[in-house]
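Next comes entry.cif, with mmCIF, C-alpha atoms and all ligand atoms.
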data_model
loop_
_atom_site.label_atom_id
_atom_site.label_comp_id
_atom_site.auth_asym_id
_atom_site.auth_seq_id
_atom_site.Cartn_x
_atom_site.Cartn_y
_atom_site.Cartn_z
CA MET L 1266 10.56 -9.70 -9.82
CA LYS L 1267 12.42 -6.45 -9.21
CA VAL L 1268 12.60 -3.40 -11.46
CA GLU L 1269 14.25 -0.01 -11.18
CA ILE L 1270 12.12 3.11 -11.44
CA GLY L 1271 14.44 6.12 -11.56
CA ASN L 1272 16.50 5.90 -8.37
CA SER L 1273 14.02 3.59 -6.67
CA THR L 1274 13.12 -0.08 -6.84
CA LEU L 1275 9.77 -1.80 -7.19
CA GLU L 1276 9.72 -5.42 -6.17
CA LEU L 1277 6.89 -7.94 -6.45
CA VAL L 1278 7.08 -10.64 -3.80
CA GLN L 1279 4.88 -13.39 -2.45
CA GLY L 1280 4.35 -13.42 1.30
CA ASP L 1281 2.67 -12.13 4.42
CA ILE L 1282 2.89 -8.35 4.67
CA THR L 1283 2.77 -8.44 8.48
CA ARG L 1284 6.29 -9.89 8.45
CA GLU L 1285 7.86 -7.06 6.47
CA HIS L 1286 10.78 -5.32 8.15
CA ILE L 1287 10.29 -1.94 6.56
CA ASP L 1288 9.48 1.73 7.30
CA ALA L 1289 5.75 1.37 6.57
CA ILE L 1290 3.26 -1.27 5.56
CA VAL L 1291 -0.05 -0.36 3.95
CA ASN L 1292 -3.23 -1.93 5.27
CA ALA L 1293 -6.36 -2.64 3.19
CA ALA L 1294 -8.83 -1.19 5.68
CA ASN L 1295 -12.44 0.03 5.58
CA GLU L 1296 -13.93 3.43 6.38
CA SER L 1297 -14.27 2.66 10.09
CA LEU L 1298 -10.52 1.94 10.46
CA LEU L 1299 -11.55 -0.35 13.29
CA GLY L 1300 -10.43 -3.66 11.81
CA GLY L 1301 -12.11 -6.36 9.77
CA GLY L 1302 -11.05 -9.54 7.95
CA GLY L 1303 -8.28 -10.33 5.46
CA VAL L 1304 -5.01 -8.48 5.67
CA ASP L 1305 -6.58 -5.92 8.07
CA ALA L 1306 -7.22 -8.64 10.65
CA ALA L 1307 -3.73 -10.07 10.20
CA ILE L 1308 -2.13 -6.64 10.72
CA HIS L 1309 -4.15 -5.91 13.86
CA ARG L 1310 -3.35 -9.37 15.23
CA ALA L 1311 0.37 -8.92 14.67
CA ALA L 1312 0.52 -5.28 15.84
CA GLY L 1313 -1.40 -5.88 19.09
CA PRO L 1314 -4.28 -3.99 20.72
CA GLU L 1315 -2.41 -0.66 20.83
CA LEU L 1316 -3.00 -0.36 17.08
CA LEU L 1317 -6.77 -0.50 17.46
CA ALA L 1318 -6.56 2.02 20.31
CA GLU L 1319 -4.76 4.50 18.05
CA CYS L 1320 -7.17 3.78 15.16
CA ARG L 1321 -10.11 4.70 17.43
CA THR L 1322 -8.70 8.23 17.70
CA LEU L 1323 -8.67 8.77 13.92
CA GLY L 1324 -12.38 9.20 13.26
CA GLY L 1325 -12.46 6.83 10.29
CA CYS L 1326 -11.36 7.57 6.73
CA GLU L 1327 -13.20 8.17 3.46
CA THR L 1328 -12.91 5.69 0.59
CA GLY L 1329 -9.90 6.57 -1.56
CA GLY L 1330 -8.07 8.04 1.44
CA ALA L 1331 -5.54 6.79 3.97
CA LYS L 1332 -4.35 7.55 7.50
CA ILE L 1333 -1.12 6.68 9.26
CA THR L 1334 -0.42 5.16 12.68
CA ARG L 1335 2.54 3.65 14.46
CA GLY L 1336 3.36 -0.02 13.91
CA TYR L 1337 3.49 -1.15 17.56
CA ARG L 1338 4.54 -4.84 17.69
CA LEU L 1339 5.09 -5.06 13.94
CA LYS L 1340 8.58 -4.86 12.47
CA ALA L 1341 7.25 -1.94 10.43
CA ARG L 1342 7.58 1.49 12.02
CA HIS L 1343 4.24 2.70 10.62
CA VAL L 1344 0.98 1.33 9.28
CA ILE L 1345 -0.75 3.32 6.56
CA HIS L 1346 -4.44 2.39 6.60
CA ALA L 1347 -5.80 2.78 3.07
CA VAL L 1348 -9.47 2.46 2.17
CA GLY L 1349 -10.03 1.03 -1.29
CA PRO L 1350 -13.47 0.88 -2.93
CA VAL L 1351 -15.94 -1.97 -2.74
CA TYR L 1352 -16.16 -3.19 -6.36
CA ARG L 1353 -19.63 -3.11 -7.88
CA ASP L 1354 -19.31 -3.01 -11.68
CA GLY L 1355 -16.40 -0.64 -12.30
CA LYS L 1356 -18.78 2.17 -13.25
CA HIS L 1357 -19.13 3.68 -9.79
CA GLY L 1358 -15.83 5.47 -9.62
CA GLU L 1359 -13.91 2.40 -8.46
CA PRO L 1360 -10.79 2.97 -10.62
CA ALA L 1361 -10.32 6.57 -9.44
CA LEU L 1362 -10.92 5.57 -5.83
CA LEU L 1363 -8.46 2.68 -5.98
CA ALA L 1364 -5.77 4.87 -7.58
CA SER L 1365 -6.43 7.51 -4.93
CA ALA L 1366 -5.99 4.98 -2.11
CA TYR L 1367 -2.52 4.06 -3.45
CA ARG L 1368 -1.52 7.66 -4.17
CA THR L 1369 -2.63 8.92 -0.76
CA SER L 1370 -0.77 6.06 0.93
CA LEU L 1371 2.44 6.94 -0.88
CA GLU L 1372 1.98 10.65 -0.08
CA LEU L 1373 1.69 9.76 3.60
CA ALA L 1374 4.85 7.68 3.31
CA SER L 1375 6.70 10.66 1.81
CA GLN L 1376 5.40 13.08 4.44
CA ASN L 1377 6.43 10.74 7.25
CA HIS L 1378 9.93 10.02 5.92
CA CYS L 1379 9.21 6.39 5.05
CA ALA L 1380 11.73 5.54 2.35
CA SER L 1381 10.62 1.91 2.14
CA VAL L 1382 6.98 0.85 1.85
CA ALA L 1383 5.21 -2.49 1.49
CA LEU L 1384 1.76 -2.57 -0.10
CA PRO L 1385 -0.88 -5.29 -0.48
CA ALA L 1386 -3.29 -5.68 -3.39
CA ILE L 1387 -5.92 -3.30 -1.98
CA SER L 1388 -9.61 -4.13 -2.67
CA THR L 1389 -8.84 -7.46 -4.40
CA GLY L 1390 -10.06 -9.69 -1.54
CA ILE L 1391 -13.25 -9.07 0.40
CA PHE L 1392 -13.93 -5.88 -1.62
CA GLY L 1393 -14.03 -7.93 -4.85
CA TYR L 1394 -11.99 -5.81 -7.29
CA PRO L 1395 -10.99 -7.96 -10.31
CA LEU L 1396 -7.33 -8.84 -9.75
CA GLU L 1397 -5.91 -7.99 -13.15
CA ASP L 1398 -7.68 -4.62 -13.42
CA ALA L 1399 -6.61 -3.72 -9.89
CA ALA L 1400 -3.03 -4.81 -10.61
CA ARG L 1401 -2.77 -2.60 -13.70
CA LEU L 1402 -4.13 0.42 -11.89
CA ALA L 1403 -2.04 -0.15 -8.77
CA LEU L 1404 1.23 -0.67 -10.64
CA ARG L 1405 0.67 2.36 -12.90
CA THR L 1406 -0.14 4.53 -9.90
CA ILE L 1407 2.89 3.33 -7.92
CA ILE L 1408 5.26 3.76 -10.89
CA ASP L 1409 3.91 7.26 -11.63
CA TYR L 1410 4.33 8.33 -8.02
CA VAL L 1411 7.76 6.85 -7.45
CA SER L 1412 9.08 8.32 -10.72
CA GLU L 1413 8.35 11.78 -9.34
CA HIS L 1414 9.21 11.16 -5.68
CA SER L 1415 12.75 9.95 -5.24
CA GLU L 1416 12.38 10.06 -1.44
CA ILE L 1417 10.62 6.69 -1.79
CA LYS L 1418 13.56 4.35 -2.35
CA ALA L 1419 11.95 0.92 -2.20
CA VAL L 1420 8.43 -0.32 -2.80
CA ARG L 1421 7.60 -3.94 -2.06
CA TYR L 1422 4.29 -5.08 -3.46
CA VAL L 1423 3.41 -8.12 -1.35
CA LEU L 1424 1.08 -10.69 -2.90
CA TYR L 1425 -0.40 -13.29 -0.66
CA ASP L 1426 -0.60 -16.23 -3.06
CA ALA L 1427 1.23 -17.55 -6.09
CA ARG L 1428 -1.56 -16.76 -8.54
CA ALA L 1429 -1.73 -13.11 -7.48
CA LEU L 1430 2.05 -12.86 -7.85
CA GLN L 1431 1.89 -14.38 -11.36
CA VAL L 1432 -0.84 -11.99 -12.47
CA HIS L 1433 1.08 -8.99 -11.11
CA GLU L 1434 4.32 -10.08 -12.79
CA ARG L 1435 2.57 -10.39 -16.13
CA VAL L 1436 0.81 -7.04 -15.73
CA LEU L 1437 4.02 -5.29 -14.62
CA GLU L 1438 5.79 -6.48 -17.78
CA GLN L 1439 2.96 -4.97 -19.85
CA VAL L 1440 2.86 -1.70 -17.91
CA LEU L 1441 6.62 -1.22 -18.27
CA VAL L 1442 6.47 -1.27 -22.08
CA GLU L 1443 3.40 0.97 -22.45
N1 LIG L 1501 -0.30 -10.26 3.49
C1 LIG L 1501 -0.45 -9.79 2.23
N2 LIG L 1501 -1.61 -9.85 1.55
C2 LIG L 1501 -2.68 -10.41 2.17
C3 LIG L 1501 -2.62 -10.92 3.49
C4 LIG L 1501 -1.36 -10.83 4.16
N3 LIG L 1501 -1.19 -11.26 5.42
N4 LIG L 1501 -3.85 -11.40 3.82
C5 LIG L 1501 -4.64 -11.21 2.74
N5 LIG L 1501 -3.94 -10.63 1.75
P1 LIG L 1501 -8.52 -8.08 1.79
P2 LIG L 1501 -9.91 -5.75 0.62
C6 LIG L 1501 -4.38 -10.21 0.40
O1 LIG L 1501 -9.76 -8.88 1.76
O2 LIG L 1501 -10.34 -6.54 -0.54
C7 LIG L 1501 -11.32 -6.25 5.59
O3 LIG L 1501 -12.38 -6.78 6.33
C8 LIG L 1501 -5.62 -10.87 -0.17
O4 LIG L 1501 -5.28 -12.10 -0.77
O5 LIG L 1501 -7.65 -8.15 2.99
O6 LIG L 1501 -9.30 -4.38 0.39
C9 LIG L 1501 -11.18 -4.75 5.79
O7 LIG L 1501 -11.46 -4.38 7.11
C10 LIG L 1501 -6.05 -9.83 -1.19
O8 LIG L 1501 -5.37 -10.01 -2.43
O9 LIG L 1501 -8.86 -6.48 1.60
C11 LIG L 1501 -12.20 -4.22 4.82
O10 LIG L 1501 -13.50 -4.25 5.38
C12 LIG L 1501 -5.58 -8.50 -0.61
O11 LIG L 1501 -4.72 -8.84 0.48
C13 LIG L 1501 -12.13 -5.18 3.67
O12 LIG L 1501 -11.64 -6.40 4.22
C14 LIG L 1501 -6.70 -7.65 -0.09
O13 LIG L 1501 -7.70 -8.46 0.49
C15 LIG L 1501 -11.12 -4.72 2.64
O14 LIG L 1501 -11.16 -5.58 1.55
#

Would you kindly transcribe this structure into structure tokens?
Amino acid sequence: MKVEIGNSTLELVQGDITREHIDAIVNAANESLLGGGGVDAAIHRAAGPELLAECRTLGGCETGGAKITRGYRLKARHVIHAVGPVYRDGKHGEPALLASAYRTSLELASQNHCASVALPAISTGIFGYPLEDAARLALRTIIDYVSEHSEIKAVRYVLYDARALQVHERVLEQVLVE
């Protein structure tokens, strides 16, 4: 599913984000920025050990923030390491922190001249954020940002499995008519 937002496009696709040939991919990291499971592990595996070496120089990252590195062996020029919240009950600031992780990632893309960006569904795996709630927040945040920042030409939101893609397609249709 592909929609136009101003002069930019937002596309929902199913796949493995490590294979994206794009200016920057976003990683769903943790505060240490030193790797972990899920998409983080896949990105480090595909990028090679130089990525971890650069991450060690960054001094971690607070939840809701993001930091940028090179992409090394990936087809992506940069990796933006975003730290989403661990979901507890939704009453511990999780929505604001998740929105902040997306917004900060897109700001870093703008500042580093990345016109095309691929993002995963941050916090919806190991961090346990309910998929539909996360999808609504993520898509609203991305649409708001891209509407005001025409330097971002293409956003690819990469969902790992068919169910996640279905949920995001349904939520995007709702968000677009709000
Ligand atoms: N491409 C795209 N999406 C993927 C891929 C992939 N290759 N692999 C998994 N996903 P998760 P989190 C999806 O758990 O919840 C790590 O240990 C997955 O289906 O990777 O933010 C970090 O170091 C899910 O929808 O990240 C942190 O400690 C989404 O990516 C912690 O996990 C996010 O799942 C972060 O947890």

Step by step, measure atom-to-atom distances between ligand LIG 1501 (chain L) and each residue using all atoms listed in the file, keep those at most 6 Å, then write them as a CSV table (one decimal) with C-alpha atoms, in the coordinates of the input.
chain,number,residue,atom,x,y,z
L,1281,ASP,CA,2.7,-12.1,4.4
L,1282,ILE,CA,2.9,-8.4,4.7
L,1283,THR,CA,2.8,-8.4,8.5
L,1293,ALA,CA,-6.4,-2.6,3.2
L,1294,ALA,CA,-8.8,-1.2,5.7
L,1295,ASN,CA,-12.4,0.0,5.6
L,1300,GLY,CA,-10.4,-3.7,11.8
L,1301,GLY,CA,-12.1,-6.4,9.8
L,1302,GLY,CA,-11.0,-9.5,8.0
L,1303,GLY,CA,-8.3,-10.3,5.5
L,1304,VAL,CA,-5.0,-8.5,5.7
L,1305,ASP,CA,-6.6,-5.9,8.1
L,1307,ALA,CA,-3.7,-10.1,10.2
L,1349,GLY,CA,-10.0,1.0,-1.3
L,1385,PRO,CA,-0.9,-5.3,-0.5
L,1386,ALA,CA,-3.3,-5.7,-3.4
L,1387,ILE,CA,-5.9,-3.3,-2.0
L,1388,SER,CA,-9.6,-4.1,-2.7
L,1389,THR,CA,-8.8,-7.5,-4.4
L,1390,GLY,CA,-10.1,-9.7,-1.5
L,1391,ILE,CA,-13.2,-9.1,0.4
L,1392,PHE,CA,-13.9,-5.9,-1.6
L,1393,GLY,CA,-14.0,-7.9,-4.8
L,1423,VAL,CA,3.4,-8.1,-1.4
L,1424,LEU,CA,1.1,-10.7,-2.9
L,1425,TYR,CA,-0.4,-13.3,-0.7

Set the distance at 12 Å and use all atoms listed in the file: which residues neighbour Glu1416 (chain L) once local chain neighbours fewer than 4 positions away are removed? I'd like the list as a JSON list (two decimals) with C-alpha atoms, in the coordinates of the input.
[["chain", "number", "residue", "atom", "x", "y", "z"],
["L", 1271, "GLY", "CA", 14.44, 6.12, -11.56],
["L", 1272, "ASN", "CA", 16.50, 5.90, -8.37],
["L", 1273, "SER", "CA", 14.02, 3.59, -6.67],
["L", 1274, "THR", "CA", 13.12, -0.08, -6.84],
["L", 1371, "LEU", "CA", 2.44, 6.94, -0.88],
["L", 1372, "GLU", "CA", 1.98, 10.65, -0.08],
["L", 1373, "LEU", "CA", 1.69, 9.76, 3.60],
["L", 1374, "ALA", "CA", 4.85, 7.68, 3.31],
["L", 1375, "SER", "CA", 6.70, 10.66, 1.81],
["L", 1376, "GLN", "CA", 5.40, 13.08, 4.44],
["L", 1377, "ASN", "CA", 6.43, 10.74, 7.25],
["L", 1378, "HIS", "CA", 9.93, 10.02, 5.92],
["L", 1379, "CYS", "CA", 9.21, 6.39, 5.05],
["L", 1380, "ALA", "CA", 11.73, 5.54, 2.35],
["L", 1381, "SER", "CA", 10.62, 1.91, 2.14],
["L", 1382, "VAL", "CA", 6.98, 0.85, 1.85],
["L", 1410, "TYR", "CA", 4.33, 8.33, -8.02],
["L", 1411, "VAL", "CA", 7.76, 6.85, -7.45],
["L", 1412, "SER", "CA", 9.08, 8.32, -10.72],
["L", 1420, "VAL", "CA", 8.43, -0.32, -2.80]]

If you measure from CA of Glu1443 (chain L) to CA of Ala1289 (chain L), what distance in Å do you get, rounded to one decimal?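 So the answer is 29.1 Å.
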
Rank nothing, just name the residue among L:Glu1319, L:Ser1370, L:Ile1308, L:Val1440 nearest to Leu1404 (chain L), using only C-alpha atoms.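 Closest to Leu1404 (chain L) of all the choices is L:Val1440.
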
re CA of Val1268 (chain L) and CA of Ala1429 (chain L): distance 17.8 Å

Between L:Ala1361, L:Leu1277, L:Gly1329, L:Lys1418, which one has atoms that come closest to Leu1402 (chain L), using only C-alpha atoms? L:Ala1361

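When CA of Thr1328 (chain L) is paired with CA of Ile1408 (chain L), their separation reads 21.6 Å.
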
Around all the atoms of region 1299-1315 of chain L listed in the file, with 8 Å of room on each side, what axis-aligned box do you get, giving centre and edge lengths in Å to one decimal, as JSON?
{"center_x": -5.8, "center_y": -5.3, "center_z": 13.1, "size_x": 28.6, "size_y": 26.0, "size_z": 31.4}

Quick one: residues within 9 Å of Ser1297 (chain L), all atoms listed in the file, excluding same-chain residues fewer than 2 positions away - as a list of chain:residue names?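 That gives L:Ala1294, L:Asn1295, L:Leu1299, L:Gly1300, L:Cys1320, L:Arg1321, L:Gly1324, L:Gly1325, L:Cys1326, L:Glu1327.
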
So which one's closest to Gln1279 (chain L), L:Leu1317, L:Met1266, L:Ala1341, L:Arg1310? Using all atoms listed in the file, please.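 Smallest separation from Gln1279 (chain L) among the options: L:Met1266.
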
For a quick check of understanding, using all atoms listed in the file, which of L:Ala1311, L:Pro1395, L:Glu1359, L:Arg1405 has the smallest distance to Lys1340 (chain L)?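 The answer is L:Ala1311, which sits nearest to Lys1340 (chain L).
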
Between L:Val1291, L:Ile1333, L:Val1344, L:Val1442, single out the one closest to Ala1312 (chain L), counting only C-alpha atoms.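 Ranked by minimum distance to Ala1312 (chain L), first place goes to L:Val1344.
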
Residues near Arg1421 (chain L), cut-off 7 Å, all atoms listed in the file, skip fewer than 6 positions along chain, as an mmCIF file with C-alpha atoms, in the coordinates of the input:
data_model
loop_
_atom_site.group_PDB
_atom_site.id
_atom_site.type_symbol
_atom_site.label_atom_id
_atom_site.label_comp_id
_atom_site.auth_asym_id
_atom_site.auth_seq_id
_atom_site.Cartn_x
_atom_site.Cartn_y
_atom_site.Cartn_z
ATOM 1 C CA LEU L 1275 9.770 -1.800 -7.190
ATOM 2 C CA GLU L 1276 9.720 -5.420 -6.170
ATOM 3 C CA LEU L 1277 6.890 -7.940 -6.450
ATOM 4 C CA VAL L 1278 7.080 -10.640 -3.800
ATOM 5 C CA VAL L 1382 6.980 0.850 1.850
ATOM 6 C CA ALA L 1383 5.210 -2.490 1.490
ATOM 7 C CA LEU L 1384 1.760 -2.570 -0.100
#

L:Arg1401, L:Arg1368, L:His1433, L:Arg1428: which is nearest Val1348 (chain L), counting all atoms listed in the file? L:Arg1368

How about completing region 1364-1375 of chain L with all heavy atoms and giving it to me as a short mmCIF file (atom, residue, chain, number, x, y, z; two decimals), keeping the file's coordinate frame?
data_model
loop_
_atom_site.label_atom_id
_atom_site.label_comp_id
_atom_site.auth_asym_id
_atom_site.auth_seq_id
_atom_site.Cartn_x
_atom_site.Cartn_y
_atom_site.Cartn_z
N ALA L 1364 -7.01 4.13 -7.32
CA ALA L 1364 -5.77 4.87 -7.58
C ALA L 1364 -5.51 5.87 -6.46
O ALA L 1364 -4.38 6.01 -5.99
CB ALA L 1364 -5.87 5.59 -8.93
N SER L 1365 -6.56 6.52 -6.00
CA SER L 1365 -6.43 7.51 -4.93
C SER L 1365 -5.95 6.86 -3.63
O SER L 1365 -5.13 7.45 -2.90
CB SER L 1365 -7.78 8.21 -4.74
OG SER L 1365 -7.75 9.03 -3.62
N ALA L 1366 -6.43 5.67 -3.34
CA ALA L 1366 -5.99 4.98 -2.11
C ALA L 1366 -4.49 4.72 -2.17
O ALA L 1366 -3.77 4.92 -1.17
CB ALA L 1366 -6.77 3.68 -1.93
N TYR L 1367 -3.98 4.29 -3.32
CA TYR L 1367 -2.52 4.06 -3.45
C TYR L 1367 -1.75 5.38 -3.38
O TYR L 1367 -0.75 5.48 -2.70
CB TYR L 1367 -2.21 3.33 -4.77
CG TYR L 1367 -2.44 1.85 -4.68
CD1 TYR L 1367 -3.57 1.26 -5.22
CD2 TYR L 1367 -1.53 1.03 -4.03
CE1 TYR L 1367 -3.78 -0.11 -5.13
CE2 TYR L 1367 -1.73 -0.34 -3.93
CZ TYR L 1367 -2.87 -0.90 -4.49
OH TYR L 1367 -3.08 -2.26 -4.38
N ARG L 1368 -2.25 6.39 -4.12
CA ARG L 1368 -1.52 7.66 -4.17
C ARG L 1368 -1.47 8.31 -2.78
O ARG L 1368 -0.40 8.74 -2.34
CB ARG L 1368 -2.19 8.60 -5.18
CG ARG L 1368 -1.25 9.65 -5.74
CD ARG L 1368 -1.80 10.31 -7.00
NE ARG L 1368 -3.24 10.41 -6.98
CZ ARG L 1368 -4.07 9.80 -7.82
NH1 ARG L 1368 -3.60 9.05 -8.81
NH2 ARG L 1368 -5.37 9.95 -7.73
N THR L 1369 -2.60 8.32 -2.10
CA THR L 1369 -2.63 8.92 -0.76
C THR L 1369 -1.71 8.17 0.20
O THR L 1369 -1.03 8.77 1.03
CB THR L 1369 -4.07 8.93 -0.21
OG1 THR L 1369 -4.94 9.42 -1.22
CG2 THR L 1369 -4.20 9.81 1.02
N SER L 1370 -1.67 6.86 0.08
CA SER L 1370 -0.77 6.06 0.93
C SER L 1370 0.68 6.45 0.69
O SER L 1370 1.46 6.63 1.64
CB SER L 1370 -0.93 4.57 0.62
OG SER L 1370 -2.24 4.16 0.93
N LEU L 1371 1.05 6.60 -0.57
CA LEU L 1371 2.44 6.94 -0.88
C LEU L 1371 2.75 8.38 -0.45
O LEU L 1371 3.86 8.66 0.02
CB LEU L 1371 2.71 6.72 -2.37
CG LEU L 1371 2.68 5.24 -2.78
CD1 LEU L 1371 2.66 5.08 -4.29
CD2 LEU L 1371 3.85 4.48 -2.18
N GLU L 1372 1.78 9.27 -0.57
CA GLU L 1372 1.98 10.65 -0.08
C GLU L 1372 2.24 10.65 1.42
O GLU L 1372 3.12 11.36 1.91
CB GLU L 1372 0.76 11.52 -0.40
CG GLU L 1372 0.67 11.89 -1.88
CD GLU L 1372 -0.68 12.47 -2.28
OE1 GLU L 1372 -1.58 12.61 -1.42
OE2 GLU L 1372 -0.85 12.75 -3.48
N LEU L 1373 1.49 9.84 2.15
CA LEU L 1373 1.69 9.76 3.60
C LEU L 1373 3.07 9.20 3.91
O LEU L 1373 3.74 9.63 4.86
CB LEU L 1373 0.62 8.88 4.25
CG LEU L 1373 -0.72 9.57 4.51
CD1 LEU L 1373 -1.75 8.54 5.00
CD2 LEU L 1373 -0.56 10.67 5.54
N ALA L 1374 3.50 8.23 3.12
CA ALA L 1374 4.85 7.68 3.31
C ALA L 1374 5.89 8.78 3.12
O ALA L 1374 6.78 8.96 3.95
CB ALA L 1374 5.10 6.53 2.34
N SER L 1375 5.76 9.56 2.06
CA SER L 1375 6.70 10.66 1.81
C SER L 1375 6.70 11.64 2.97
O SER L 1375 7.75 12.03 3.48
CB SER L 1375 6.30 11.43 0.55
OG SER L 1375 6.47 10.65 -0.59
#
